[in-house]
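Novice: This is my_file.cif, which holds mmCIF, C-alpha atoms:
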```cif
data_model
loop_
_atom_site.label_atom_id
_atom_site.label_comp_id
_atom_site.auth_asym_id
_atom_site.auth_seq_id
_atom_site.Cartn_x
_atom_site.Cartn_y
_atom_site.Cartn_z
CA MET A 19 -197.78 37.36 131.12
CA ALA A 20 -200.59 38.36 133.52
CA VAL A 21 -201.24 41.89 134.74
CA ASP A 22 -201.29 42.23 138.52
CA ILE A 23 -203.63 44.84 139.98
CA LEU A 24 -203.20 46.91 143.12
CA LEU A 25 -206.18 48.83 144.51
CA GLY A 26 -207.76 50.12 147.70
CA LEU A 27 -210.57 48.22 149.42
CA GLN A 28 -212.02 51.00 151.58
CA TRP A 29 -212.90 54.66 150.97
CA GLY A 30 -209.48 55.58 149.61
CA ASP A 31 -206.29 56.76 151.35
CA GLU A 32 -205.30 53.18 152.14
CA GLY A 33 -201.62 53.66 151.28
CA LYS A 34 -201.47 52.55 147.65
CA GLY A 35 -198.57 54.83 146.77
CA LYS A 36 -196.27 53.32 149.36
CA ILE A 37 -197.06 49.76 148.28
CA VAL A 38 -196.60 50.45 144.56
CA ASP A 39 -193.23 51.98 145.37
CA PHE A 40 -192.36 48.99 147.58
CA ILE A 41 -193.27 46.22 145.12
CA ALA A 42 -192.47 48.13 141.90
CA PRO A 43 -188.88 46.82 141.52
CA LYS A 44 -190.19 43.38 140.46
CA TYR A 45 -192.23 44.91 137.60
CA HIS A 46 -191.27 46.25 134.19
CA VAL A 47 -194.39 48.43 133.82
CA VAL A 48 -196.55 50.39 136.28
CA ALA A 49 -199.78 51.82 134.82
CA ARG A 50 -202.48 54.08 136.29
CA PHE A 51 -205.91 53.01 135.04
CA GLN A 52 -208.45 55.54 136.41
CA GLY A 53 -208.96 58.69 138.45
CA GLY A 54 -207.24 62.02 138.21
CA PRO A 55 -205.60 64.65 140.42
CA ASN A 56 -208.19 63.98 143.13
CA ALA A 57 -205.96 61.03 144.05
CA GLY A 58 -202.91 61.60 146.23
CA HIS A 59 -200.49 58.68 146.44
CA THR A 60 -197.96 59.26 149.20
CA LEU A 61 -194.49 57.70 149.10
CA GLU A 62 -191.84 58.15 151.76
CA PHE A 63 -188.20 57.08 151.53
CA ASP A 64 -184.76 58.46 152.37
CA GLY A 65 -186.46 60.82 154.80
CA ILE A 66 -188.43 62.56 152.03
CA LYS A 67 -192.21 62.53 151.57
CA HIS A 68 -193.58 62.56 148.02
CA VAL A 69 -197.21 62.95 146.94
CA LEU A 70 -198.10 61.93 143.38
CA HIS A 71 -201.47 62.91 141.94
CA GLN A 72 -201.44 61.74 138.33
CA ILE A 73 -198.05 60.18 137.69
CA PRO A 74 -197.72 56.43 138.43
CA SER A 75 -195.95 55.54 141.66
CA GLY A 76 -193.18 53.62 139.89
CA ILE A 77 -191.65 56.84 138.59
CA PHE A 78 -188.77 56.82 141.08
CA HIS A 79 -187.43 53.56 139.63
CA GLU A 80 -185.43 54.35 136.50
CA ASN A 81 -185.89 50.96 134.84
CA ILE A 82 -189.69 50.93 135.12
CA THR A 83 -191.98 52.09 132.33
CA ASN A 84 -194.80 54.24 133.77
CA ILE A 85 -198.04 54.63 131.83
CA ILE A 86 -200.93 57.03 132.40
CA GLY A 87 -203.78 54.99 130.94
CA ASN A 88 -206.83 55.93 128.91
CA GLY A 89 -209.11 55.66 131.97
CA VAL A 90 -207.37 58.60 133.66
CA VAL A 91 -208.53 62.22 133.42
CA LEU A 92 -205.43 64.41 133.15
CA ASP A 93 -205.10 68.04 134.23
CA PRO A 94 -202.22 69.55 132.19
CA LEU A 95 -201.68 72.31 134.76
CA ILE A 96 -201.29 69.90 137.66
CA PHE A 97 -199.26 67.55 135.48
CA ARG A 98 -196.72 70.27 134.73
CA LYS A 99 -196.54 71.21 138.41
CA GLU A 100 -195.91 67.57 139.32
CA ILE A 101 -193.16 67.23 136.72
CA ASP A 102 -191.52 70.44 137.93
CA GLY A 103 -191.61 69.10 141.50
CA LEU A 104 -189.85 65.92 140.40
CA SER A 105 -187.17 67.65 138.31
CA LYS A 106 -184.64 67.66 141.17
CA PHE A 107 -184.59 63.84 141.15
CA ASN A 108 -183.09 63.64 137.64
CA ILE A 109 -185.85 61.36 136.35
CA ASN A 110 -185.61 60.50 132.66
CA PHE A 111 -189.24 61.14 131.70
CA SER A 112 -188.56 60.62 128.00
CA LYS A 113 -187.50 57.06 128.85
CA ASN A 114 -190.02 55.96 131.44
CA LEU A 115 -193.22 58.04 131.28
CA PHE A 116 -195.89 57.48 128.63
CA ILE A 117 -199.36 59.04 128.37
CA SER A 118 -202.34 57.54 126.60
CA LYS A 119 -203.69 59.63 123.75
CA LYS A 120 -207.14 58.46 124.83
CA ALA A 121 -206.90 59.91 128.35
CA GLN A 122 -209.41 62.72 128.85
CA ILE A 123 -208.22 66.27 129.56
CA ILE A 124 -209.44 68.43 132.45
CA ILE A 125 -209.78 72.02 131.28
CA PRO A 126 -210.07 75.07 133.60
CA THR A 127 -213.86 75.35 133.30
CA HIS A 128 -214.21 71.78 134.58
CA ARG A 129 -212.99 73.05 137.94
CA LEU A 130 -215.50 75.88 137.85
CA LEU A 131 -218.29 73.45 137.07
CA ASP A 132 -217.17 71.23 139.94
CA VAL A 133 -217.49 74.09 142.41
CA ALA A 134 -220.77 75.32 140.93
CA MET A 135 -222.38 71.87 141.02
CA GLU A 136 -221.16 71.16 144.53
CA LYS A 137 -222.49 74.50 145.75
CA ALA A 138 -225.86 73.86 144.07
CA LYS A 139 -226.25 70.62 146.07
CA GLY A 140 -226.24 72.56 149.35
CA GLU A 141 -226.33 70.23 152.34
CA GLY A 142 -226.39 67.24 149.98
CA LYS A 143 -222.94 67.99 148.60
CA ILE A 144 -220.73 65.02 147.79
CA GLY A 145 -217.50 66.35 149.29
CA SER A 146 -215.73 66.74 145.94
CA THR A 147 -212.04 67.66 145.85
CA LEU A 148 -213.08 70.39 143.36
CA LYS A 149 -210.42 69.33 140.85
CA GLY A 150 -212.87 69.06 137.95
CA ILE A 151 -212.86 65.26 137.92
CA GLY A 152 -216.63 64.69 137.83
CA PRO A 153 -217.35 67.24 135.09
CA ALA A 154 -214.49 65.83 132.99
CA TYR A 155 -215.94 62.33 133.21
CA GLN A 156 -219.40 63.75 132.45
CA ASP A 157 -218.05 65.24 129.23
CA LYS A 158 -216.42 61.91 128.39
CA VAL A 159 -219.75 60.07 128.72
CA ALA A 160 -221.53 62.87 126.83
CA ARG A 161 -219.04 62.34 123.99
CA GLN A 162 -217.90 65.95 123.99
CA GLY A 163 -214.69 65.71 126.03
CA LEU A 164 -211.18 66.48 124.84
CA ARG A 165 -208.52 63.78 124.83
CA VAL A 166 -204.75 64.02 125.08
CA GLY A 167 -204.38 63.01 121.43
CA ASP A 168 -206.55 65.98 120.43
CA ILE A 169 -203.84 68.46 121.42
CA LEU A 170 -201.86 67.32 118.37
CA ASN A 171 -204.68 68.36 116.01
CA PRO A 172 -204.65 71.81 114.36
CA ASN A 173 -208.26 72.44 115.43
CA PHE A 174 -207.62 71.79 119.15
CA LYS A 175 -208.25 75.39 120.22
CA GLU A 176 -211.44 75.53 118.21
CA ARG A 177 -212.73 72.41 119.95
CA TYR A 178 -211.55 73.75 123.31
CA TYR A 179 -213.48 77.02 122.96
CA LYS A 180 -216.58 75.15 121.85
CA LEU A 181 -216.45 73.09 125.05
CA VAL A 182 -215.81 76.22 127.14
CA SER A 183 -218.89 77.79 125.58
CA ASN A 184 -220.97 74.79 126.65
CA HIS A 185 -219.57 75.07 130.16
CA LYS A 186 -220.38 78.79 130.35
CA SER A 187 -224.02 78.03 129.58
CA ILE A 188 -224.17 75.53 132.44
CA LEU A 189 -222.46 77.95 134.83
CA GLU A 190 -224.98 80.64 133.95
CA PHE A 191 -227.83 78.18 134.53
CA LEU A 192 -226.33 77.43 137.97
CA ASN A 193 -226.31 81.20 138.69
CA PHE A 194 -222.55 81.54 138.46
CA SER A 195 -221.90 84.83 136.71
CA PHE A 196 -219.23 84.46 134.03
CA ASP A 197 -218.02 87.95 133.06
CA SER A 198 -216.26 87.56 129.72
CA ASP A 199 -214.92 91.13 129.80
CA LEU A 200 -213.15 90.68 133.12
CA GLY A 201 -212.33 87.06 132.33
CA GLY A 202 -213.30 85.94 135.80
CA ILE A 203 -215.90 84.16 137.85
CA LYS A 204 -217.85 86.08 140.45
CA ASP A 205 -218.88 84.53 143.77
CA PHE A 206 -216.23 81.85 143.50
CA GLU A 207 -215.32 81.83 147.21
CA LYS A 208 -211.71 80.78 147.88
CA TYR A 209 -211.37 79.39 144.34
CA ASN A 210 -211.83 82.82 142.81
CA PHE A 211 -209.23 83.47 140.14
CA GLU A 212 -208.76 85.45 136.96
CA PHE A 213 -209.83 83.03 134.27
CA ALA A 214 -207.80 84.64 131.49
CA ALA A 215 -204.56 84.08 133.41
CA ILE A 216 -205.44 80.47 134.20
CA GLU A 217 -206.38 79.83 130.58
CA SER A 218 -203.05 81.26 129.43
CA ASP A 219 -201.21 78.92 131.79
CA PHE A 220 -203.37 76.05 130.56
CA PHE A 221 -202.25 76.51 126.95
CA LYS A 222 -198.62 76.71 128.09
CA ALA A 223 -199.16 73.45 129.95
CA ILE A 224 -200.62 71.95 126.75
CA GLU A 225 -197.44 72.85 124.86
CA PHE A 226 -195.43 71.31 127.70
CA LEU A 227 -197.54 68.14 127.50
CA LYS A 228 -196.73 67.82 123.81
CA THR A 229 -193.06 67.26 124.66
CA PHE A 230 -193.88 63.92 126.37
CA ASN A 231 -194.47 60.45 124.96
CA LEU A 232 -198.11 60.48 123.85
CA VAL A 233 -198.95 56.93 122.82
CA ASP A 234 -201.63 54.41 121.91
CA SER A 235 -201.24 52.88 125.36
CA GLU A 236 -203.60 49.96 124.75
CA TYR A 237 -201.16 48.63 122.15
CA MET A 238 -198.21 49.39 124.41
CA ILE A 239 -199.74 47.42 127.31
CA ASN A 240 -200.71 44.45 125.15
CA ASP A 241 -197.31 44.37 123.46
CA ALA A 242 -195.78 44.24 126.94
CA ILE A 243 -198.10 41.33 127.84
CA ALA A 244 -197.14 39.50 124.64
CA ASN A 245 -193.45 40.05 125.43
CA LYS A 246 -193.97 38.55 128.91
CA LYS A 247 -193.24 41.79 130.76
CA LEU A 248 -194.35 42.03 134.39
CA ILE A 249 -197.07 44.68 134.67
CA LEU A 250 -198.71 46.31 137.69
CA ALA A 251 -201.96 48.24 137.26
CA GLU A 252 -202.29 50.98 139.90
CA GLY A 253 -205.74 52.09 141.02
CA ALA A 254 -206.79 55.36 142.66
CA GLN A 255 -209.40 56.20 145.32
CA GLY A 256 -211.01 53.12 146.92
CA SER A 257 -213.42 50.33 146.04
CA LEU A 258 -216.21 51.75 148.20
CA LEU A 259 -216.08 54.90 146.05
CA ASP A 260 -216.70 52.99 142.80
CA ILE A 261 -219.32 54.66 140.61
CA ASP A 262 -221.33 51.43 140.29
CA PHE A 263 -220.72 49.58 143.55
CA GLY A 264 -219.73 52.30 146.01
CA SER A 265 -221.85 54.27 148.49
CA TYR A 266 -223.79 56.02 145.69
CA PRO A 267 -224.18 58.95 145.22
CA PHE A 268 -221.25 59.68 147.53
CA VAL A 269 -218.77 58.13 145.14
CA THR A 270 -216.11 59.10 142.61
CA SER A 271 -216.74 59.25 138.86
CA SER A 272 -214.87 56.17 137.67
CA ASN A 273 -214.64 52.41 138.21
CA THR A 274 -212.11 51.94 140.98
CA MET A 275 -212.28 48.13 141.03
CA THR A 276 -210.50 45.35 139.14
CA ALA A 277 -212.87 45.61 136.20
CA GLY A 278 -211.83 49.27 135.81
CA ALA A 279 -208.30 48.14 134.97
CA CYS A 280 -209.61 46.31 131.91
CA THR A 281 -211.40 49.34 130.47
CA GLY A 282 -208.89 51.85 131.85
CA LEU A 283 -205.91 50.22 130.16
CA GLY A 284 -207.38 48.10 127.38
CA ILE A 285 -206.54 44.67 128.76
CA ALA A 286 -208.63 41.50 128.48
CA PRO A 287 -210.00 39.95 131.70
CA ARG A 288 -208.09 36.73 130.98
CA ASN A 289 -204.84 38.68 131.39
CA ILE A 290 -205.47 39.58 135.04
CA GLY A 291 -203.16 37.85 137.52
CA LYS A 292 -202.89 38.67 141.20
CA VAL A 293 -205.14 41.28 142.76
CA PHE A 294 -203.52 43.04 145.71
CA GLY A 295 -206.17 44.57 147.98
CA ILE A 296 -204.92 47.27 150.34
CA PHE A 297 -206.72 48.14 153.55
CA LYS A 298 -205.96 50.03 156.73
CA ALA A 299 -206.02 48.28 160.09
CA TYR A 300 -208.92 50.67 160.78
CA CYS A 301 -211.08 52.84 158.46
CA THR A 302 -211.09 56.42 157.20
CA ARG A 303 -213.19 58.48 154.87
CA VAL A 304 -212.84 62.01 153.44
CA GLY A 305 -215.87 64.14 152.60
CA SER A 306 -219.55 63.34 152.87
CA GLY A 307 -221.25 59.97 152.74
CA PRO A 308 -222.11 56.99 154.95
CA PHE A 309 -219.50 55.55 157.30
CA PRO A 310 -221.07 52.86 159.54
CA SER A 311 -218.09 52.38 161.88
CA GLU A 312 -217.18 56.06 162.22
CA LEU A 313 -215.97 57.24 165.64
CA LEU A 314 -216.94 60.69 166.83
CA ASP A 315 -215.23 60.31 170.18
CA ALA A 316 -211.74 60.37 171.69
CA ASP A 317 -210.83 57.09 169.97
CA GLY A 318 -211.60 58.63 166.59
CA GLU A 319 -209.47 61.64 167.43
CA THR A 320 -206.62 59.38 168.52
CA LEU A 321 -206.75 57.53 165.21
CA ARG A 322 -206.69 60.83 163.32
CA LYS A 323 -203.77 62.16 165.33
CA GLN A 324 -201.67 58.98 165.33
CA GLY A 325 -202.38 58.26 161.68
CA ASN A 326 -201.87 61.86 160.53
CA GLU A 327 -205.21 61.47 158.82
CA PHE A 328 -205.43 64.54 156.64
CA GLY A 329 -206.05 64.36 152.90
CA SER A 330 -202.87 64.38 150.79
CA THR A 331 -204.73 66.22 148.03
CA THR A 332 -207.11 68.50 149.99
CA GLY A 333 -205.58 68.64 153.47
CA ARG A 334 -209.04 67.97 154.93
CA PRO A 335 -209.19 65.98 158.19
CA ARG A 336 -210.29 62.42 157.52
CA ARG A 337 -213.15 60.81 159.38
CA CYS A 338 -211.89 57.80 161.33
CA GLY A 339 -213.44 54.58 162.62
CA TRP A 340 -212.89 50.91 163.38
CA ILE A 341 -212.31 48.36 160.65
CA ASP A 342 -215.53 47.34 158.86
CA LEU A 343 -215.65 43.64 157.88
CA PRO A 344 -218.96 43.63 155.94
CA ALA A 345 -217.66 46.43 153.70
CA LEU A 346 -214.25 44.77 153.39
CA LYS A 347 -215.75 41.40 152.45
CA TYR A 348 -217.87 43.15 149.81
CA ALA A 349 -214.83 44.80 148.22
CA ILE A 350 -212.81 41.57 148.32
CA MET A 351 -215.64 39.71 146.57
CA LEU A 352 -216.09 42.24 143.77
CA ASN A 353 -212.36 42.61 143.12
CA GLY A 354 -211.39 38.95 143.28
CA VAL A 355 -208.62 39.80 145.75
CA THR A 356 -205.83 37.22 145.99
CA ASN A 357 -203.57 38.99 148.50
CA LEU A 358 -204.43 41.39 151.33
CA LEU A 359 -201.99 44.10 152.37
CA MET A 360 -202.65 45.69 155.78
CA MET A 361 -201.50 49.27 156.25
CA LYS A 362 -200.93 51.48 159.28
CA ALA A 363 -200.91 48.79 161.94
CA ASP A 364 -198.70 51.15 163.95
CA VAL A 365 -201.53 53.68 164.28
CA LEU A 366 -203.25 51.26 166.69
CA ASN A 367 -200.17 51.07 168.94
CA GLU A 368 -201.69 53.12 171.77
CA PHE A 369 -204.92 51.15 172.15
CA ASP A 370 -205.43 48.67 174.98
CA GLU A 371 -208.55 47.49 173.19
CA ILE A 372 -209.34 47.41 169.47
CA LYS A 373 -212.82 47.02 168.03
CA ILE A 374 -213.96 45.34 164.84
CA CYS A 375 -217.30 45.89 163.08
CA THR A 376 -218.48 42.34 162.30
CA HIS A 377 -222.15 42.91 161.39
CA TYR A 378 -224.71 45.64 160.79
CA LYS A 379 -227.99 46.00 162.65
CA LEU A 380 -230.53 47.47 160.24
CA SER A 381 -233.55 49.62 161.03
CA ASN A 382 -235.86 46.57 160.87
CA GLY A 383 -233.80 44.87 163.57
CA SER A 384 -232.14 42.30 161.30
CA LEU A 385 -228.44 41.50 161.60
CA VAL A 386 -226.47 41.25 158.36
CA ASP A 387 -222.85 40.95 157.29
CA ARG A 388 -223.58 42.27 153.79
CA LEU A 389 -223.90 45.83 152.53
CA PRO A 390 -227.56 46.78 152.05
CA TYR A 391 -228.63 48.36 148.76
CA ASP A 392 -228.80 51.85 150.23
CA ILE A 393 -226.36 52.54 153.05
CA VAL A 394 -227.04 56.27 152.66
CA GLU A 395 -230.64 56.28 153.88
CA GLU A 396 -230.61 52.99 155.81
CA LYS A 397 -229.92 53.53 159.49
CA ILE A 398 -227.07 51.16 160.27
CA GLU A 399 -225.80 50.31 163.72
CA PRO A 400 -222.37 48.63 163.68
CA LEU A 401 -222.02 45.55 165.90
CA LEU A 402 -218.53 45.61 167.40
CA LYS A 403 -216.27 42.85 168.63
CA SER A 404 -213.47 43.81 171.07
CA VAL A 405 -210.00 42.30 170.86
CA PRO A 406 -206.87 43.09 172.91
CA GLY A 407 -204.54 45.77 171.59
CA TRP A 408 -200.75 45.49 171.71
CA ASN A 409 -200.18 48.92 173.31
CA CYS A 410 -196.52 49.12 172.31
CA SER A 411 -194.34 50.54 169.56
CA LEU A 412 -193.67 48.57 166.38
CA ALA A 413 -190.61 50.64 165.51
CA GLY A 414 -187.62 48.63 164.37
CA ILE A 415 -189.57 45.40 163.75
CA SER A 416 -188.75 43.91 160.35
CA ASP A 417 -189.57 40.24 161.00
CA ALA A 418 -193.20 39.07 161.10
CA THR A 419 -192.36 36.56 163.86
CA LYS A 420 -191.29 39.45 166.12
CA LEU A 421 -194.64 41.22 165.98
CA PRO A 422 -196.55 41.47 169.29
CA THR A 423 -198.74 38.46 170.05
CA GLN A 424 -201.89 40.61 170.09
CA LEU A 425 -201.13 41.99 166.61
CA LYS A 426 -200.51 38.48 165.29
CA SER A 427 -203.88 37.45 166.72
CA TYR A 428 -205.57 40.47 165.12
CA ILE A 429 -204.09 39.55 161.73
CA GLU A 430 -205.04 35.88 162.09
CA TYR A 431 -208.62 36.79 163.06
CA LEU A 432 -208.97 39.03 160.00
CA GLU A 433 -207.56 36.32 157.73
CA ALA A 434 -210.04 33.79 159.08
CA GLU A 435 -212.97 36.18 158.57
CA LEU A 436 -211.91 37.46 155.14
CA GLN A 437 -210.67 34.12 153.78
CA VAL A 438 -207.73 35.78 152.00
CA PRO A 439 -204.11 35.76 153.23
CA ILE A 440 -202.65 38.98 154.62
CA THR A 441 -199.33 38.96 152.78
CA LEU A 442 -197.91 42.25 153.98
CA VAL A 443 -198.14 44.43 157.08
CA SER A 444 -197.03 48.07 157.08
CA VAL A 445 -195.75 49.38 160.42
CA GLY A 446 -194.72 52.91 159.37
CA PRO A 447 -194.75 55.37 156.45
CA ASP A 448 -191.23 54.68 155.12
CA ARG A 449 -190.75 51.99 152.48
CA VAL A 450 -188.40 50.11 154.86
CA GLU A 451 -191.17 49.87 157.50
CA THR A 452 -192.86 47.05 155.61
CA ILE A 453 -193.05 43.41 156.69
CA LEU A 454 -193.67 40.42 154.43
CA ARG A 455 -195.27 37.58 156.36
CA GLU A 456 -193.61 34.18 155.99
CA THR A 457 -196.84 32.32 156.73
CA ALA A 458 -198.68 33.94 153.84
CA ILE A 459 -198.33 33.83 150.06
CA THR A 460 -195.33 35.93 149.11
CA ILE A 461 -195.60 38.91 146.83
#
```
Would you give me this structure, written as structure tokens?
Specialist:
Amino acid sequence: MAVDILLGLQWGDEGKGKIVDFIAPKYHVVARFQGGPNAGHTLEFDGIKHVLHQIPSGIFHENITNIIGNGVVLDPLIFRKEIDGLSKFNINFSKNLFISKKAQIIIPTHRLLDVAMEKAKGEGKIGSTLKGIGPAYQDKVARQGLRVGDILNPNFKERYYKLVSNHKSILEFLNFSFDSDLGGIKDFEKYNFEFAAIESDFFKAIEFLKTFNLVDSEYMINDAIANKKLILAEGAQGSLLDIDFGSYPFVTSSNTMTAGACTGLGIAPRNIGKVFGIFKAYCTRVGSGPFPSELLDADGETLRKQGNEFGSTTGRPRRCGWIDLPALKYAIMLNGVTNLLMMKADVLNEFDEIKICTHYKLSNGSLVDRLPYDIVEEKIEPLLKSVPGWNCSLAGISDATKLPTQLKSYIEYLEAELQVPITLVSVGPDRVETILRETAITI
């Protein structure tokens, strides 16, 4: 049985959590394949908002097996906090949550390194969430990281302190003063904390982690494929933040695209089925980096206000802009998207006119509909096409045929340009505010 993949096509925050929750009931397995607690997948149902950072978004469905794959970097402290937050929902974690032994562990000094490295970049900072994600992936590539399976070994603490010692040397090189007597970091701004206390909590979280199902997830996934189970691979961040194909260097530290599911779960490319690409009806971005269609005017502020565009992990206001077709086409191409899912159509309700970035004008005067090699240094002017807005509420609409004519036209225009069917349209944050289109391929 093929593995379907669900991922974001923009700069993250597209609404992946809601969609996983919405389509999860048809699957037997939901598996996260990359990223860490820098991701915030928001789900809303029964009047309650939930934000998941590391746990797969199928966790609220008792008959679904949820797997944290080997491509994920796991923070035991945040993991325990997440589990504690979910305890009131009577979830049977021993039955439906499994963690790859090969997933890398984020240790407390990874967070310190994240802050130190970001501070050292000055005005060129990436806009990191400061969760220790980048340094954890760096240690993985340097072959010195700690994995979840290592916590079962008697020499785990010895290996931990060896890694901490390496991190201290880097912090000292970056002029962060690590005072071993006080057990703290000086000049740590708002992230200042007593390291000894955090480290104590970390080891308690490690003991807590040991009580969960720690597995060889690559075998588990492939056994499920062999047994014809329906599997959904859940991505984090967005395609334009991919370490290889994103807006480098303003990217995340993992492969956020379809190919990342193969390495992040241990599945063969031949086992990939549908690829669900999620995009907003407009664009947002958090942190630094290029954003060709960004709006710095009243329209941008309206998008931010109507869309409640603040990071679910950091709380930072998101940068907002019109939908970007060259970037979207690029992500669709690289991911092999079979179905498009459009989120937050309702955020455009108040606009009489909606704009679409169809091409880029480069510094040499040429017009292109492809991403140039370097969109960081290249001065890009977005060429915008105006289309009528619907300027009305979408509340209560559950039938695609009842959508406003202008919204139908907007969807049909995007389908024609992107050459992929828009299967689903989200018209609100709750799972019930989701419309499957009869004219498109069904999920």
Novice: Output the residue selection produced by the PyMOL selection byres ((chain A and resi 163) around 9) on the file above, formatted as a list in words.
Specialist: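 Those residues are Gln122, Ile123, Ile124, Ala154, Tyr155, Gln156, Asp157, Lys158, Val159, Ala160, Arg161, Gln162, Leu164, Arg165 and Leu181 of chain A.
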Novice: On this structure, the PyMOL selection byres ((chain A and resi 340) around 12) would catch which residues? List them as a tab-separated table (two decimals) with C-alpha atoms, in the frame of the given file, sorted by chain and number.
Specialist:
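And here is the file that came out, part07.tsv:
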```tsv
chain	number	residue	atom	x	y	z
A	28	GLN	CA	-212.02	51.00	151.58
A	297	PHE	CA	-206.72	48.14	153.55
A	298	LYS	CA	-205.96	50.03	156.73
A	299	ALA	CA	-206.02	48.28	160.09
A	300	TYR	CA	-208.92	50.67	160.78
A	301	CYS	CA	-211.08	52.84	158.46
A	302	THR	CA	-211.09	56.42	157.20
A	303	ARG	CA	-213.19	58.48	154.87
A	309	PHE	CA	-219.50	55.55	157.30
A	310	PRO	CA	-221.07	52.86	159.54
A	311	SER	CA	-218.09	52.38	161.88
A	312	GLU	CA	-217.18	56.06	162.22
A	313	LEU	CA	-215.97	57.24	165.64
A	314	LEU	CA	-216.94	60.69	166.83
A	315	ASP	CA	-215.23	60.31	170.18
A	317	ASP	CA	-210.83	57.09	169.97
A	318	GLY	CA	-211.60	58.63	166.59
A	319	GLU	CA	-209.47	61.64	167.43
A	320	THR	CA	-206.62	59.38	168.52
A	321	LEU	CA	-206.75	57.53	165.21
A	322	ARG	CA	-206.69	60.83	163.32
A	337	ARG	CA	-213.15	60.81	159.38
A	338	CYS	CA	-211.89	57.80	161.33
A	339	GLY	CA	-213.44	54.58	162.62
A	341	ILE	CA	-212.31	48.36	160.65
A	342	ASP	CA	-215.53	47.34	158.86
A	343	LEU	CA	-215.65	43.64	157.88
A	345	ALA	CA	-217.66	46.43	153.70
A	346	LEU	CA	-214.25	44.77	153.39
A	365	VAL	CA	-201.53	53.68	164.28
A	366	LEU	CA	-203.25	51.26	166.69
A	369	PHE	CA	-204.92	51.15	172.15
A	371	GLU	CA	-208.55	47.49	173.19
A	372	ILE	CA	-209.34	47.41	169.47
A	373	LYS	CA	-212.82	47.02	168.03
A	374	ILE	CA	-213.96	45.34	164.84
A	375	CYS	CA	-217.30	45.89	163.08
A	376	THR	CA	-218.48	42.34	162.30
A	400	PRO	CA	-222.37	48.63	163.68
A	401	LEU	CA	-222.02	45.55	165.90
A	402	LEU	CA	-218.53	45.61	167.40
A	403	LYS	CA	-216.27	42.85	168.63
A	404	SER	CA	-213.47	43.81	171.07
A	405	VAL	CA	-210.00	42.30	170.86
```
Novice: Could you give me, as an mmCIF file with C-alpha atoms, keeping the file's coordinate frame, the residues within 12 Å of A:Lys426, counting only C-alpha atoms and dropping anything in the same chain fewer than 2 positions from it?
Specialist:
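Wrote it out as selection_6.cif, contents follow:
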```cif
data_model
loop_
_atom_site.group_PDB
_atom_site.id
_atom_site.type_symbol
_atom_site.label_atom_id
_atom_site.label_comp_id
_atom_site.auth_asym_id
_atom_site.auth_seq_id
_atom_site.Cartn_x
_atom_site.Cartn_y
_atom_site.Cartn_z
ATOM 1 C CA ALA A 363 -200.910 48.790 161.940
ATOM 2 C CA VAL A 405 -210.000 42.300 170.860
ATOM 3 C CA PRO A 406 -206.870 43.090 172.910
ATOM 4 C CA GLY A 407 -204.540 45.770 171.590
ATOM 5 C CA TRP A 408 -200.750 45.490 171.710
ATOM 6 C CA ASP A 417 -189.570 40.240 161.000
ATOM 7 C CA ALA A 418 -193.200 39.070 161.100
ATOM 8 C CA THR A 419 -192.360 36.560 163.860
ATOM 9 C CA LYS A 420 -191.290 39.450 166.120
ATOM 10 C CA LEU A 421 -194.640 41.220 165.980
ATOM 11 C CA PRO A 422 -196.550 41.470 169.290
ATOM 12 C CA THR A 423 -198.740 38.460 170.050
ATOM 13 C CA GLN A 424 -201.890 40.610 170.090
ATOM 14 C CA TYR A 428 -205.570 40.470 165.120
ATOM 15 C CA ILE A 429 -204.090 39.550 161.730
ATOM 16 C CA GLU A 430 -205.040 35.880 162.090
ATOM 17 C CA TYR A 431 -208.620 36.790 163.060
ATOM 18 C CA LEU A 432 -208.970 39.030 160.000
ATOM 19 C CA GLU A 433 -207.560 36.320 157.730
ATOM 20 C CA ILE A 440 -202.650 38.980 154.620
ATOM 21 C CA VAL A 443 -198.140 44.430 157.080
ATOM 22 C CA ARG A 455 -195.270 37.580 156.360
ATOM 23 C CA THR A 457 -196.840 32.320 156.730
#
```
Novice: For atom CA of A:Ile117 and atom CA of A:Asn240, quote the distance in Å rounded to one decimal.
Specialist: 15.0 Å
Novice: If we count all atoms listed in the file, what is near A:His185 at a cut-off of 8 Å, once residues fewer than 6 positions away on the same chain are taken out, given as a PyMOL selection string?
Specialist: chain A and resi 127-128+131
Novice: I'd like to know which of A:Thr276, A:Ser75, A:Gln324, A:Ser183 is closest to A:Ser411, using all atoms listed in the file.
Specialist: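 Between A:Thr276, A:Ser75, A:Gln324, A:Ser183, the residue approaching A:Ser411 most closely is A:Gln324.
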Novice: So which one's closest to A:Leu259, A:Asn193, A:Trp29, A:Leu24, A:Val38? Using all atoms listed in the file, please.
Specialist: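 Counting all atoms listed in the file, the residue closest to A:Leu259 is A:Trp29.
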Novice: Counting all atoms listed in the file, which residue out of A:Asp387, A:Glu136, A:Asp39, A:Glu236 sits closest to A:Tyr348?
Specialist: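 Counting all atoms listed in the file, the residue closest to A:Tyr348 is A:Asp387.
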Novice: Between atom CA of A:Ile169 and atom CA of A:Thr270, what distance in Å does the model show, to one decimal?
Specialist: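 Separating atom CA of A:Ile169 from atom CA of A:Thr270 is a distance of 26.2 Å.
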Novice: Starting from the PyMOL selection byres ((chain A and resi 95) around 12), expand the selection into actual residues of this file and give them as number ranges by chain.
Specialist: A: 55, 71-72, 92-94, 96-102, 123-126, 129, 149, 216-227
Novice: Have a look at atom CA of A:Cys280 and atom CA of A:Leu250 and let me know their distance in Å, one decimal.
Specialist: 12.3 Å
Novice: Given the point (-201.4, 57.4, 121.6) in the file's coordinates, find the residues that have an atom at most 9 Å from it, counting all atoms listed in the file, and give them as a list in words.
Specialist: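 The residues that fall inside the cut-off are Phe116, Ile117, Ser118, Lys119, Lys120, Val166, Gly167, Asn231, Leu232, Val233, Asp234, Ser235, Glu236 and Tyr237 of chain A.
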